[in-house]
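So the structure is just underneath, and the comments pick up after that.
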2 protein chains.
Amino acid sequence: MAQSWSIPSTPPSDETYQSWQKIILKYCKENKSKDLDTLIDLGISLAKNSDDHNNPTYWANDKTKDALHELQSCMGIANLEVQQHLAQQEKVSQQADFDVAEMTRALDKEYTEYKARIKALLSYPAFRLQTIPNKEVFREHVLQWTRDLADQGLGALAFAPEYGGEGDMGKYAALFDAMGYHDLSLAIKFGVQFGLFGGSINWLGTKYHHDKYLKDTGTLALAGCFAMTETGHGSNVRGLQTTAIYDAATDEIVVHTPTEDDGKEYIGNAMHSTMASVFAQLIVDGEHHGVHAILVPLRDAQHQNLPGIRIEDCGYKLGLNGVDNGRIWFDQVRVPRQNLLNRFGDIDAKGKYTSPISNPSRRFFTMLGTLVGGRVCVPRAGLSAAKTGLAIAIKHSLRRRQFEQKTGGQEMLLLDYPSHQRRLMPLLAKSYAISFGLDYLTQRFVNRTEDDIREIESLAAGMKAYATWFTTSALQECREACGGKGYLTENRLGQLKADTEIFTTFEGDNTVLMLLVSKGLLSNFSKAFHDDGFVAVLRMLGNQFSTLIMEQNPYTKRKSDSGYLLSGHFQLAAFRYREQKLLHTVSQRMRGLIKNKVNSTDAFLRCQTHLLSLADAFVERTILEQFISQSKQIDDKPTRDMLKQMTQLYALHTIESHKDFYLESEYMSPTKTKAIRRLVDQLCMELRRQADALVDAFAIPDELLAAPIAL
Amino acid sequence: MAQSWSIPSTPPSDETYQSWQKIILKYCKENKSKDLDTLIDLGISLAKNSDDHNNPTYWANDKTKDALHELQSCMGIANLEVQQHLAQQEKVSQQADFDVAEMTRALDKEYTEYKARIKALLSYPAFRLQTIPNKEVFREHVLQWTRDLADQGLGALAFAPEYGGEGDMGKYAALFDAMGYHDLSLAIKFGVQFGLFGGSINWLGTKYHHDKYLKDTGTLALAGCFAMTETGHGSNVRGLQTTAIYDAATDEIVVHTPTEDDGKEYIGNAMHSTMASVFAQLIVDGEHHGVHAILVPLRDAQHQNLPGIRIEDCGYKLGLNGVDNGRIWFDQVRVPRQNLLNRFGDIDAKGKYTSPISNPSRRFFTMLGTLVGGRVCVPRAGLSAAKTGLAIAIKHSLRRRQFEQKTGGQEMLLLDYPSHQRRLMPLLAKSYAISFGLDYLTQRFVNRTEDDIREIESLAAGMKAYATWFTTSALQECREACGGKGYLTENRLGQLKADTEIFTTFEGDNTVLMLLVSKGLLSNFSKAFHDDGFVAVLRMLGNQFSTLIMEQNPYTKRKSDSGYLLSGHFQLAAFRYREQKLLHTVSQRMRGLIKNKVNSTDAFLRCQTHLLSLADAFVERTILEQFISQSKQIDDKPTRDMLKQMTQLYALHTIESHKDFYLESEYMSPTKTKAIRRLVDQLCMELRRQADALVDAFAIPDELLAAPIAL
């Protein structure tokens with residue numbers, strides 16, 4: 001009987017339908033205490049209690065549940081209010097299945113209390129967020145904020161105790177998380193002064209420089225800038241044109257800008273600084289030794305430019321107008337020889353160049369590598385900005401109603417629209433995923449050794465690019481999801497977006513960084529098989545991959561039931577396949593080119609877009625692995641269960657967004673990709689009920705959230 | 001012999017390879033006069049001149065050319081400088097294959113001279129672009145610019161001659177194109193005053209209002225605003241809460257804001273206006289007649305608020321800070337009965353409500369329909385902003401060098417990087433495509449009749465959403481492509497981006513508009529088959545589609561040679577298939593839901609993301625049809641040929657970006673999608689040489705381009 005109704009051509013009559021409705025409503029009323037959150041729960045509960053059903057276990061088996069889930073997903077029962085109507089409850093429970101404080105601890109880990117303390121500090125009236133249109137006034141304000149933080153001892157955090165710090169990079173990274181919820185101009189100004197200028201002294205200088213400058217740098221008694229980028233040379237640091245020529249006659253170094261286009265540009269803190277860490281080509285006795293950093297005083301006690309120094313304001317920018325970016329030119333500026341930051345390259349008293357690293361290329365990369373901390377911290381601040389945006393957009397969508405009138409004559413909540421869930425929930429899951437990914441990066445960075453530093457640099461490059469691109473796109477979506485409200489400065493979204501947009505460019509252009517990642521992936525193998533040469537390695541890679549493919553089980557290949565697709569096993573395999581397949585195909589392509597007398601630089605160039613996809617696949621695989629393994633280790637079960645659903649949404653949504661790859665490579669069938677789409681819909685719907693608690697877990701103080709966006 | 005070299009396992013020796021190089025270089029030197037722009041030209045020319053080749057026609061046939069093109073594409077010979085090196089020419093010709101002025105005419109059509117005149121006007125010193133951070137000062141500045149344009153007679157353009165205008169909507173739309181190259185605050189301020197406020201009087205009022213207000217509106221002697229959106233009701237205009245109750249005792253209308261959240265919000269021109277066109281629920285003798293517009297004076301001659309009026313500044317925004325957006329509340333504000341804009345609904349002298357349209361729903365849509373001009377103009381201004389961004393980014397990429405050293409020791413131009421070509425060239429093609437699409441929309445709008453107005457409204461909704469989303473994403477890409485330079489306000493990109501971002505929300509939220517489009521597509525059929533009912537229509541649709549599928553030729557389905565893929569025939573078929581398939585599947589899904597007793601509103605809701613894809617497919621199909629058909633009609637052959645390549649890039653890149661759809665629906669095989677990707681790469685490379693001329697065709701005056709971005 002029931003079977004015949006399910007045939008579209010013989011639907012139940014209106015009377016039958018209405019009698020069902022009565023039975024269901026009566027049942028709901030009588031069973032309010034039961035946990036009937038979804039239609040599936042309801043259906044199973046009804047069936048189990050049905051008198052005329054002989055086999056109640058039939059309803060509890062996985063196959064039936066899967067079928068019901070699919071049915072519900074196809075029907076698109078997307079909003080809680082429909083269910084509420086059916087259940088005739090006052091209000092469907094919006095309570096989360098987990099404890100918010102436990103979730104915060106899962107995200108912030110050992111720095112939970114520390115971050116809470118910093119966020120509390122940033123909620124003080126002195127740090128009240130303001131819109132200050134005039135850049136000079138805004139910059140003074142941000143400078144004062146930076147001083148306030150330095151007064152709390154935060155500026156020196158990464159330095160050794162003898163210079164007022166704790167030598168704790170992990171804490172310094174956590175500080176960036178916390179600052180990312182505040183005005184981003186503060187985080188960047190702070191990062192330039194203590195991380196870049198201070199970092200260059202700390203990592204590239206030696207005891208002489210530490211003793212002389214580090215303490216004052218940490219307290220901001222000495223304001224400095226990091227003069228690396230030139231108008232003509234951004235990403236290509238090796239090609240910098242500024243020269244630093246040693247003059248043996250006076251035992252001085254002469255810093256000079258050859259042409260207008262070789263001036264330093266976008267230099268943060270340029271207008272407030274009295275000293276710069278200048279990156280220039282060091283030339284000793286006519287011999288070029290590559291890029292080195294030299295401390296060059298810029299201004300006198302009256303803040304007037306010193307002779308030979310020219311500084312211009314970069315003017316207004318799309319965002320970060322609280323940071324004073326400028327251009328600097330040097331006209332034969334003389335500084336003592338001792339101003340060379342000489343850890344990796346020195347000029348001795350006899351005027352002879354010496355270095356502990358004889359290979360100039362290795363020396364260059366070692367020097368740059370010490371500065372990778374910026375790439376660890378910048379994406380953290382950006383991610384916090386994205387989390388703020390998501391919290392604002394999700395909270396707005398849980399208050400703002402529009403259009404369709406549902407029960408009680410009220411319009412529907414924005415987040416009950418499937419398109420709105422699709423817009424925000426996968427981004428929320430991704431923000432969680434990246435959070436775990438960045439923690440992994442930070443931990444690797446803090447524990448780095450000589451042996452794994454190159455690998456960590458590669459990881460930092462990839463994570464920085466991936467996370468900051470995410471920030472830009474997530475904030476764009478949040479802005480649009482809040483409509484006109486999102487455009488008003490008072491609601492933060494626009495400003496957060498404008499401020500973080502340049503994160504995709506500074507600390508390394510994202511595209512360039514992603515190419516670095518791919519080069520790293522290829523050269524990892526190259527190093528291991530050094531003797532056989534590069535081409536042999538590429539051939540090896542291909543063989544490995546063929547093995548991987550062959551090991552695929554033709555049975556699992558066809559599986560598309562939701563239990564399987566929701567498993568970490570399937571998801572990790574899919575992510576790994578993508579990375580391996582791209583590594584394989586790009587190496588094959590490059591092997592072909594090299595065989596055809598194309599030099600390796602040109603071969604890289606020609607495979608550029610291919611290499612970018614590979615880097616993306618590498619980062620996503622790393623993040624998923626970390627997200628799954630770290631959340632499995634969490635003790636609190638409700639938190640762990642919730643995170644499992646978040647990993648599922650991140651994984652399946654990512655697979656869905658690379659559907660074209662999986663279909664084109666015939667790793668998945670259309671049936672499977674369609675099943676994945678339905679599961680993503682379903683996960684978005686299920687997580688919607690937890691959305692408020694999931695953003696509350698970011699523990700953002702009210703002072704840092706948009707107040708008036710609440711309609 | 002030659003055949004054996006082409007087998008990877010038996011490559012030619014180094015000596016052979018070098019002797020070839022010598023022959024090729026010698027040949028190039030001796031044949032400088034020949035047009036050897038690509039390696040293929042060179043190869044064919046060499047072969048034709050070869051002594052020992054007996055069959056020169058072999059090299060000229062299509063199959064060989066295709067194979068060569070594919071080979072070149074696979075090899076990724078991506079930059080002109082490689083070829084330049086090979087050809088030992090001074091500089092590979094960067095000259096375009098077409099005349100820039102002819103291309104401008106193809107884009108601007110009958111308004112070529114008019115637009116040039118407006119752009120010249122906007123290049124005068126009085127209109128010099130400035131960065132004015134203080135919003136009050138900026139707003140005064142933009143107000144003055146608006147006055148200057150009104151003084152030129154531009155404000156009244158769309159009004160009838162007796163009110164100082166030309167009654168020319170086509171010209172008015174062209175004006176928006178031109179204004180879109182300037183500061184967007186001006187275009188929006190202008191649009192609010194003349195298009196929205198003036199438009200409401202012009203289209204919703206009658207002779208009494210025209211005579212009394214239109215002339216002063218066109219000269220800006222009367223500054224007005226358009227008070228429709230409320231804090232609680234944006235997209236859902238029908239749900240507006242402000243009331244307008246007719247008081248028979250005094251023959252007045254009482255305009256009132258019931259609660260704080262019902263205040264008007266984001267109202268442009270609110271701070272400068274003395275009058276508002278207020279949209280409110282008209283209630284006459286206790287009866288509700290739906291939303292009507294009433295003219296309400298806001299301020300007295302001293303610019304003080306009139307009694308019962310409260311106005312607040314919306315404050316700073318992400319962009320458009322030259323526009324004074326505000327919030328307005330009405331506390332029992334009384335205006336004469338005659339202030340009702342009474343074209344579609346009136347209160348007669350006896351206090352009785354009358355309307356030429358008896359159906360309230362039809363009346364509502366007719367009133368809103370008259371305001372569709374905004375949706376015609378806004379995307380035009382946005383597209384000009386995107387074109388400005390593309391011109392800046394492309395010109396920058398043709399000057400800025402980075403990294404790899406090629407011939408002559410110079411670093412490579414950014415646009416010679418394949419990833420950079422991939423970033424910018426498809427966007428350039430899309431900007432051209434949308435240009436033709438918007439011209440079609442404008443022409444349909446200008447020539448609209450009672451019969452096709454609903455169809456045109458739907459078209460306007462879709463084009464507005466598609467074009468403004470393009471603007472946002474294109475400017476984002478351009479900003480990133482210019483790195484730090486793109487972040488500086490002096491280079492316009494950031495500001496253009498921030499200003500146009502809200503275009504996706506105002507004049508109708510894009511997501512809501514796209515759903516309107518889909519509803520229109522479904523109801524078009526519904527109207528035609530009215531008698532059979534909606535479900536029958538959906539069934540019909542399914543049948544039509546099945547026929548379409550069956551008519552597919554299994555032979556062409558497998559074709560993947562480039563000649564076929566480059567043909568408009570294939571591309572249009574693919575675009576149409578996508579639209580039809582989505583229409584089919586969504587109608588099937590809805591039919592299923594409706595059969596299962598889901599009401600049609602809920603059915604629409606559940607298919608939301610599906611309906612959004614359908615709307616996207618509809619807009620893209622319309623644009624491609626217009627792009628192909630309009631460019632075919634152009635007389636000048638070089639222009640026509642160039643545009644053909646642009647249609648190819650737009651079409652194939654769009655297909656590529658929906659690759660997942662085509663693979664999932666098994667309309668295309670992986671072989672075919674891979675061939676398409678290679679063709680897109682190839683087209684990007686070929687068009688790169690024309691890039692400079694293609695953006696020059698936008699005819700943007702130097703004053704409106706970023707000056708210092710040129711490195």
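Ordered as shown in the structure tokens, chains take letters A, B, and onward, while each chain numbers its residues from 1 and ligands are numbered from 1 in the order shown.
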Set out as CSV a contact list for region 265-379 of chain B and region 219-229 of chain B with a cut-off of 7 Å, giving each residue of region 265-379 of chain B that qualifies its closest atom pair and distance in Å to one decimal, counting only C-alpha atoms, ordered by chain and rising residue number.
```
residue,atom,partner,partner_atom,distance
B:Glu265,CA,B:Thr229,CA,5.9
B:Ile267,CA,B:Ala227,CA,5.9
B:Gly268,CA,B:Cys225,CA,6.3
B:Asn269,CA,B:Cys225,CA,5.5
B:Ala270,CA,B:Cys225,CA,6.0
B:His272,CA,B:Ala223,CA,6.7
B:Ser273,CA,B:Ala223,CA,4.6
B:Thr274,CA,B:Ala223,CA,5.8
B:Met275,CA,B:Gly224,CA,4.8
B:Ala276,CA,B:Cys225,CA,4.7
B:Ser277,CA,B:Phe226,CA,5.0
B:Val278,CA,B:Ala227,CA,4.7
B:Phe279,CA,B:Met228,CA,5.0
```
For this session: Would you list the contacts of region 331-333 of chain B as a VMD selection string, taking every protein, DNA or RNA residue within 7 Å and counting only C-alpha atoms, but skipping same-chain residues closer than 4 positions in sequence?
Result: chain B and resid 254 to 257 308 to 309
Requested write-out: N, CA and C atoms of the selected residues, as an mmCIF file, in the first residue's frame:
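Okay, out35.cif is ready:
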```cif
data_model
loop_
_atom_site.group_PDB
_atom_site.id
_atom_site.type_symbol
_atom_site.label_atom_id
_atom_site.label_comp_id
_atom_site.auth_asym_id
_atom_site.auth_seq_id
_atom_site.Cartn_x
_atom_site.Cartn_y
_atom_site.Cartn_z
ATOM 1 N N VAL B 254 -1.330 61.427 5.282
ATOM 2 C CA VAL B 254 -0.452 61.422 6.464
ATOM 3 C C VAL B 254 0.590 60.315 6.300
ATOM 4 N N VAL B 255 1.840 60.743 6.163
ATOM 5 C CA VAL B 255 2.934 59.780 5.973
ATOM 6 C C VAL B 255 3.561 59.497 7.333
ATOM 7 N N HIS B 256 3.721 58.186 7.634
ATOM 8 C CA HIS B 256 4.167 57.837 8.986
ATOM 9 C C HIS B 256 5.039 56.578 9.005
ATOM 10 N N THR B 257 6.049 56.628 9.856
ATOM 11 C CA THR B 257 6.929 55.469 10.076
ATOM 12 C C THR B 257 6.494 54.783 11.367
ATOM 13 N N GLY B 308 8.171 66.835 12.034
ATOM 14 C CA GLY B 308 7.871 65.410 11.840
ATOM 15 C C GLY B 308 8.917 64.651 11.053
ATOM 16 N N ILE B 309 9.896 65.364 10.539
ATOM 17 C CA ILE B 309 10.946 64.707 9.738
ATOM 18 C C ILE B 309 12.194 64.521 10.599
#
```
Exercise. Between B:Arg105, B:Lys464, B:His653, B:Arg401, which one has atoms that come closest to chain A, using only C-alpha atoms?
Worked result: B:Arg401
Counting only C-alpha atoms, what are the residues of chain B within 6 Å of chain A, and for each of them which pair of atoms is the nearest and at what distance in Å, to one decimal? Sort the table by chain and rising number, as CSV.
```
residue,atom,partner,partner_atom,distance
B:Gly76,CA,A:Arg606,CA,5.1
B:Pro133,CA,A:Pro133,CA,5.4
B:Asn236,CA,A:Phe403,CA,5.7
B:Tyr316,CA,A:Thr489,CA,5.3
B:Lys317,CA,A:Leu488,CA,4.3
B:Leu318,CA,A:Gly494,CA,4.9
B:Phe403,CA,A:Asn236,CA,5.8
B:Ser419,CA,A:Thr609,CA,5.7
B:Gly483,CA,A:Thr505,CA,5.7
B:Tyr487,CA,A:Leu318,CA,5.5
B:Leu488,CA,A:Lys317,CA,4.4
B:Thr489,CA,A:Lys317,CA,4.7
B:Gly494,CA,A:Leu318,CA,4.9
B:Thr505,CA,A:Gly483,CA,5.7
B:Arg606,CA,A:Gly76,CA,5.0
B:Thr609,CA,A:Ser419,CA,5.7
B:Lys659,CA,A:Asp660,CA,5.8
B:Asp660,CA,A:Asp660,CA,4.2
B:Glu664,CA,A:Pro670,CA,4.7
B:Pro670,CA,A:Glu664,CA,4.7
```
How would the residues just chosen look if you wrote them out with N, CA and C atoms as a short mmCIF file (atom, residue, chain, number, x, y, z; two decimals), in the first residue's frame?
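This is the output file out-v6.cif:
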```
data_model
loop_
_atom_site.label_atom_id
_atom_site.label_comp_id
_atom_site.auth_asym_id
_atom_site.auth_seq_id
_atom_site.Cartn_x
_atom_site.Cartn_y
_atom_site.Cartn_z
N GLY B 76 53.55 25.48 -25.09
CA GLY B 76 53.39 26.66 -24.26
C GLY B 76 54.29 27.81 -24.66
N PRO B 133 39.19 62.63 1.65
CA PRO B 133 38.80 61.67 2.69
C PRO B 133 37.60 62.12 3.53
N ASN B 236 12.20 43.20 -0.47
CA ASN B 236 10.76 42.95 -0.44
C ASN B 236 9.99 44.27 -0.36
N TYR B 316 30.18 56.86 7.19
CA TYR B 316 31.14 56.41 6.19
C TYR B 316 30.77 55.03 5.67
N LYS B 317 31.12 54.80 4.41
CA LYS B 317 30.85 53.51 3.77
C LYS B 317 32.16 52.98 3.17
N LEU B 318 32.11 51.74 2.74
CA LEU B 318 33.28 51.15 2.07
C LEU B 318 33.70 52.00 0.87
N PHE B 403 61.31 39.04 -12.59
CA PHE B 403 61.95 37.72 -12.63
C PHE B 403 62.67 37.33 -13.92
N SER B 419 50.22 32.68 -16.62
CA SER B 419 49.23 32.84 -15.55
C SER B 419 48.64 34.25 -15.58
N GLY B 483 49.44 44.20 -7.87
CA GLY B 483 50.18 44.13 -6.62
C GLY B 483 50.00 45.38 -5.78
N TYR B 487 46.98 48.88 -4.86
CA TYR B 487 46.39 49.21 -3.56
C TYR B 487 46.38 50.72 -3.29
N LEU B 488 47.23 51.44 -4.04
CA LEU B 488 47.33 52.88 -3.82
C LEU B 488 46.15 53.61 -4.47
N THR B 489 45.55 54.50 -3.72
CA THR B 489 44.38 55.23 -4.22
C THR B 489 44.70 55.97 -5.53
N GLY B 494 41.63 50.37 -6.37
CA GLY B 494 41.01 50.11 -5.08
C GLY B 494 39.70 50.87 -4.94
N THR B 505 24.25 45.01 -4.85
CA THR B 505 23.14 45.05 -3.89
C THR B 505 22.06 46.05 -4.29
N ARG B 606 12.91 25.62 -2.46
CA ARG B 606 13.74 24.43 -2.35
C ARG B 606 14.68 24.26 -3.54
N THR B 609 19.12 27.16 -5.42
CA THR B 609 20.45 27.20 -6.06
C THR B 609 20.37 26.71 -7.50
N LYS B 659 32.70 23.62 -16.87
CA LYS B 659 33.17 22.29 -17.24
C LYS B 659 32.51 21.21 -16.40
N ASP B 660 32.39 21.48 -15.09
CA ASP B 660 31.80 20.46 -14.22
C ASP B 660 30.38 20.12 -14.66
N GLU B 664 29.45 16.48 -15.91
CA GLU B 664 28.49 15.76 -15.07
C GLU B 664 27.26 15.35 -15.88
N PRO B 670 35.87 14.17 -21.25
CA PRO B 670 37.12 14.77 -20.76
C PRO B 670 38.05 15.20 -21.91
#
```
For this session: Output as a count of residues only all residues of region 591-692 of chain A that backbone DSSP marks as alpha helix (DSSP H).
Result: 85
Exercise. Separation of CA of Thr647 (chain B) and CA of Leu441 (chain B), in Å?
Worked result: 18.2 Å
Problem set entry | For Gly218 (chain B): contacts at 12 Å, only C-alpha atoms, fewer than 5 positions along chain excluded, given as JSON, numbers by chain | {"B": [146, 147, 148, 149, 150, 151, 152, 153, 154, 155, 156, 157, 158, 159, 160, 161, 162, 163, 164, 165, 166, 190, 191, 192, 193, 194, 195, 196, 197, 198, 199, 201, 202, 210, 212, 213, 223, 224]}
Exercise. What does the distance between CA of Leu643 (chain A) and CA of Ile628 (chain A) come to in Å, to one decimal place?
Worked result: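 If I compute the distance from CA of Leu643 (chain A) to CA of Ile628 (chain A), I get 8.4 Å.
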